[in-house]
Each structure stands twice: as C-alpha cells, then as structure tokens.
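Data block below; observations after.
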Amino acid sequence: MKKQQPTKKIIFHSEKEMPLAPYSLGSMLHNRTGAWRNIRPEINLENCIQCGICWKFCPDVAIYIENEYPVVDYTYCKGCGLCAEECPVKCITMVEEEK
C-alpha cells in the first residue's frame, strides 16, 4: 500500500481566496464517510440540464461529472441533501437508504 503523504493545512483569510470549485486535499480519499447517511440523492438524468450546480455545492466532493452528467459517489456522500436543494430543475430526490 502506498504511504500517505502529509498534507499542509490551507488557511483562507477571506472567501475571495477560496477556489471557485470544491476540491479534496487528498486525505479525504481515505475518509469514506458514505456509511454515515440515512438518506441518499438519486438523480433523474432525463430531467437533468447538466448545469453542474449539484457538483459545485456538494460539500463532500461526492458528485463528479461523467459524460457531461452528474454521478454520485456513495462512498463519500453523507446524504446532506444540498445537491437536491440547489438543483434548479429538482431532478435530484432524497430517498431513504436501504441497509
């Protein structure tokens, strides 16, 4: 197994210094938080307008874009529902997690 490299803490002094898009510092790749959720987002791709808003608002960087459509990585999604709340066409619904 590859040895994990230490990460430097990044400090932002204002929101203007923050990046326009979410990103991971690498250590989150090892912090699989998807098991925490009790609801999960499901995306109706037929109604999706490919705006990328769900991807931009996801605080866990659990949504990625594949073939111009959003895909939820349930390994990291905590089920917060921000993607569903921010979707302008409401093509994302939160459904109860089956365990």
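So you can find residues: chains in the structure tokens are A, B, ... in the order shown, residues in each start at 1, and ligands are numbered from 1 in order.
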Residue neighbourhood segment 85-90 of chain A, 9 Å, only C-alpha atoms, exclusion window fewer than 2 positions, as a PyMOL selection string = chain A and resi 44+47-49+51-54+57+81-83+92-93
Include N, CA and C atoms and write out the residues we just selected as a PDB file, in the first residue's frame.
```
ATOM      1  N   ASN A  44     -32.367  11.999 -11.523  1.00  0.00           N
ATOM      2  CA  ASN A  44     -33.138  11.641 -12.716  1.00  0.00           C
ATOM      3  C   ASN A  44     -32.441  12.314 -13.906  1.00  0.00           C
ATOM      4  N   ASN A  47     -34.233  14.448 -16.674  1.00  0.00           N
ATOM      5  CA  ASN A  47     -34.622  15.836 -16.399  1.00  0.00           C
ATOM      6  C   ASN A  47     -33.422  16.742 -16.139  1.00  0.00           C
ATOM      7  N   CYS A  48     -32.230  16.171 -16.022  1.00  0.00           N
ATOM      8  CA  CYS A  48     -31.020  16.945 -15.709  1.00  0.00           C
ATOM      9  C   CYS A  48     -30.676  17.871 -16.865  1.00  0.00           C
ATOM     10  N   ILE A  49     -30.351  19.129 -16.548  1.00  0.00           N
ATOM     11  CA  ILE A  49     -29.974  20.108 -17.572  1.00  0.00           C
ATOM     12  C   ILE A  49     -28.458  20.308 -17.640  1.00  0.00           C
ATOM     13  N   CYS A  51     -26.239  21.448 -15.542  1.00  0.00           N
ATOM     14  CA  CYS A  51     -25.771  22.770 -15.107  1.00  0.00           C
ATOM     15  C   CYS A  51     -24.550  22.688 -14.186  1.00  0.00           C
ATOM     16  N   GLY A  52     -24.350  21.564 -13.512  1.00  0.00           N
ATOM     17  CA  GLY A  52     -23.204  21.397 -12.622  1.00  0.00           C
ATOM     18  C   GLY A  52     -23.378  22.004 -11.243  1.00  0.00           C
ATOM     19  N   ILE A  53     -24.540  22.526 -10.942  1.00  0.00           N
ATOM     20  CA  ILE A  53     -24.763  23.163  -9.641  1.00  0.00           C
ATOM     21  C   ILE A  53     -24.655  22.139  -8.511  1.00  0.00           C
ATOM     22  N   CYS A  54     -25.169  20.947  -8.714  1.00  0.00           N
ATOM     23  CA  CYS A  54     -25.077  19.915  -7.673  1.00  0.00           C
ATOM     24  C   CYS A  54     -23.619  19.605  -7.361  1.00  0.00           C
ATOM     25  N   PHE A  57     -22.005  22.558  -5.334  1.00  0.00           N
ATOM     26  CA  PHE A  57     -22.455  22.743  -3.954  1.00  0.00           C
ATOM     27  C   PHE A  57     -22.147  21.563  -3.045  1.00  0.00           C
ATOM     28  N   GLY A  81     -28.177  16.460   1.352  1.00  0.00           N
ATOM     29  CA  GLY A  81     -29.288  16.979   0.572  1.00  0.00           C
ATOM     30  C   GLY A  81     -29.057  18.329  -0.072  1.00  0.00           C
ATOM     31  N   LEU A  82     -27.861  18.895   0.049  1.00  0.00           N
ATOM     32  CA  LEU A  82     -27.604  20.193  -0.582  1.00  0.00           C
ATOM     33  C   LEU A  82     -27.759  20.126  -2.098  1.00  0.00           C
ATOM     34  N   CYS A  83     -27.350  19.025  -2.684  1.00  0.00           N
ATOM     35  CA  CYS A  83     -27.481  18.894  -4.145  1.00  0.00           C
ATOM     36  C   CYS A  83     -28.950  18.960  -4.558  1.00  0.00           C
ATOM     37  N   ILE A  92     -33.121  15.927  -8.578  1.00  0.00           N
ATOM     38  CA  ILE A  92     -32.486  15.121  -7.538  1.00  0.00           C
ATOM     39  C   ILE A  92     -33.469  14.963  -6.386  1.00  0.00           C
ATOM     40  N   THR A  93     -33.734  13.724  -6.029  1.00  0.00           N
ATOM     41  CA  THR A  93     -34.613  13.463  -4.897  1.00  0.00           C
ATOM     42  C   THR A  93     -33.821  12.686  -3.841  1.00  0.00           C
TER      43      THR A  93
END
```
Who sits within 12 Å of Asn67 of chain A, only C-alpha atoms, same chain under 4 positions skipped, as a list in words = Leu45, Gln50 and Val71 of chain A
inquiry  = Taking only C-alpha atoms into account, name the residue in A:Ala35, A:Glu96, A:Cys91, A:Tyr76 that is nearest to Pro59 of chain A.
reply    = A:Tyr76
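Contact shell of Trp36 of chain A at 12 Å (only C-alpha atoms; same-chain neighbours under 2 positions omitted): Asn31, Arg32, Thr33, Gly34, Asn38, Ile39, Arg40, Tyr74, Thr75, Tyr76, Cys77, Lys78, Gly79, Cys80, Glu97 and Lys99 of chain A.
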ask   = Which residues in segment 14-95 of chain A does DSSP call strand (DSSP E or B)? List them as a PyMOL selection string.
value = chain A and resi 39-43+63-66+69-72+92-95
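Taking atom CA of Pro41 of chain A and atom CA of Ile63 of chain A as endpoints, the distance between them is 10.2 Å.
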